Amino acid sequence: MIKITKYLRINILTAALFVFCFLSGYWQTFSITYLVMLCHETAHMMAAIAIGLKVSHITLHPFGVNLSLKNKMVYSLADEIILYISGPLFNIFTAFVSAVIYKYNQSEMLRFFYICNIMLFIMNMLPALPLDGGIILKKFLMYRFGSRKAKYIMSAISVVITAAVAALGIYVIYLTKMNFSILLFALLMLGNMFTQHEKYNVDFVKELMFHDKKKKNKVKHIIADENNSYLEIANDFDMHSYSIVYIINKTGKIVDIMSENQIMEEIINTNITV
């Protein structure tokens with residue numbers, strides 16, 4: 001990973017792709033594509049800062065651009081929508097501006113910039129994970145049905161949409177004999193479905209922290225050192241509340257968040273009896 005600035009990093013393979021495209025004469029097309037994706041993620045970053053989140057960095061990967069946040073705890077549905085809709089809305093805005101400018105300067109690069117913005121908006125607003133549209137839909141479902149049901153519903157929807165995009169990609173290949181872009185996008189969606197994994201479920205934790213009034217039992221928050229055994233942690237559980245445990249390291253940083261059920265499963269798996 002190459003660090004360009006405090007907030008911008010580039011994957012070594014991406015840098016190699018830039019060099020390859022420059023030598024092969026495709027550097028303008030490649031640069032515009034990454035510029036559109038970078039603007040998209042920058043809009044997400046500005047929205048994150050506006051709602052009080054801390055930004056880590058933006059990374060240019062070989063097949064996309066990704067924003068990393070230091071914290072993901074958003075306290076309202078409105079803020080979450082602002083965070084995830086900001087990128088696609090910025091693409092629509094820049095597409096509109098480029099279309100106006102194109103009337104006076106009919107440059108092929110400007111036309112390509114317009115097309116890239118429109119395509120990125122359409123792709124990101126598909127209601128499938130991990131796209132922006134899918135995340136927004138999941139947030140609405142979570143607030144209506146809870147995080148567990150939302151997860152199952154979104155998994156089913158994402159599979160169906162990914163299959164539809166893959167079928168469209170195969171059809172496009174049949175028609176054009178060479179355009180693999182849509183099929184590649186479907187494969188990336190499929191790969192993300194199997195590889196995307198968070199250390200802890202932010203939606204579930206937030207549901208416990210900020211929506212426990214809907215539950216019959218209260219939620220008890222326990223802070224435990226990473227060197228504590230699961231048995232030591234379980235000693236703080238009680239019968240009148242559901243416990244959620246924040247595992248911290250020596251510097252006080254949260255390294256994992258576990259539910260009461262997960263702690264008990266770990267105890268059983270290691271043949272320890274409380």
# chains A, B, ... in the order shown; residues from 1 in each chain; ligands from 1

$ residues_around --residues "Ala234 of chain A" --least-positions-apart "3" --cutoff "9 Å" --atoms "only C-alpha atoms" --output "PyMOL selection string"
chain A and resi 229-231+237-238+260+263-264+267+274

$ residues_around --residues "segment 59-64 of chain A" --least-positions-apart "2" --cutoff "9 Å" --atoms "only C-alpha atoms" --output "PDB file with C-alpha atoms, in the first residue's frame"
ATOM      1  CA  MET A   1       0.000   0.000   0.000  1.00  0.00           C
ATOM      2  CA  TYR A   7      -6.314  10.484   3.710  1.00  0.00           C
ATOM      3  CA  LEU A   8      -5.374   8.885   0.379  1.00  0.00           C
ATOM      4  CA  ARG A   9      -3.675   5.566  -0.304  1.00  0.00           C
ATOM      5  CA  ILE A  10      -3.181   3.534  -3.454  1.00  0.00           C
ATOM      6  CA  ASN A  11      -2.784  -0.205  -3.828  1.00  0.00           C
ATOM      7  CA  ILE A  12       0.472  -1.277  -5.476  1.00  0.00           C
ATOM      8  CA  LEU A  13      -1.490  -3.195  -8.141  1.00  0.00           C
ATOM      9  CA  THR A  14      -3.529  -0.057  -8.878  1.00  0.00           C
ATOM     10  CA  ALA A  15      -0.330   1.931  -9.351  1.00  0.00           C
ATOM     11  CA  LEU A  17      -2.392  -0.525 -13.672  1.00  0.00           C
ATOM     12  CA  TYR A  34     -10.963   6.465 -11.088  1.00  0.00           C
ATOM     13  CA  MET A  37     -15.064   6.756  -8.182  1.00  0.00           C
ATOM     14  CA  LEU A  38     -12.783   8.987  -6.095  1.00  0.00           C
ATOM     15  CA  HIS A  57      -8.499   7.074   4.622  1.00  0.00           C
ATOM     16  CA  ASN A  66     -13.053   2.412  -0.816  1.00  0.00           C
ATOM     17  CA  LEU A  67     -13.557   4.743   2.172  1.00  0.00           C
ATOM     18  CA  SER A  68     -12.416   3.506   5.595  1.00  0.00           C
ATOM     19  CA  LEU A 188     -17.496  -8.537  -7.824  1.00  0.00           C
TER      20      LEU A 188
END

$ residues_around --residues "Ala128 of chain A" --least-positions-apart "2" --cutoff "9 Å" --atoms "only C-alpha atoms" --output "PyMOL selection string"
chain A and resi 124-126+130-135+137-138+154-155+157-162+189

$ closest_residue --among "A:Lys70, A:Lys250, A:His40, A:His221" --to "Gly87 of chain A" --atoms "only C-alpha atoms"
A:His40

$ residues_around --residues "Tyr84 of chain A" --least-positions-apart "4" --cutoff "7 Å" --atoms "only C-alpha atoms" --output "list in words"
His44, Glu80, Asp132 and Ile136 of chain A
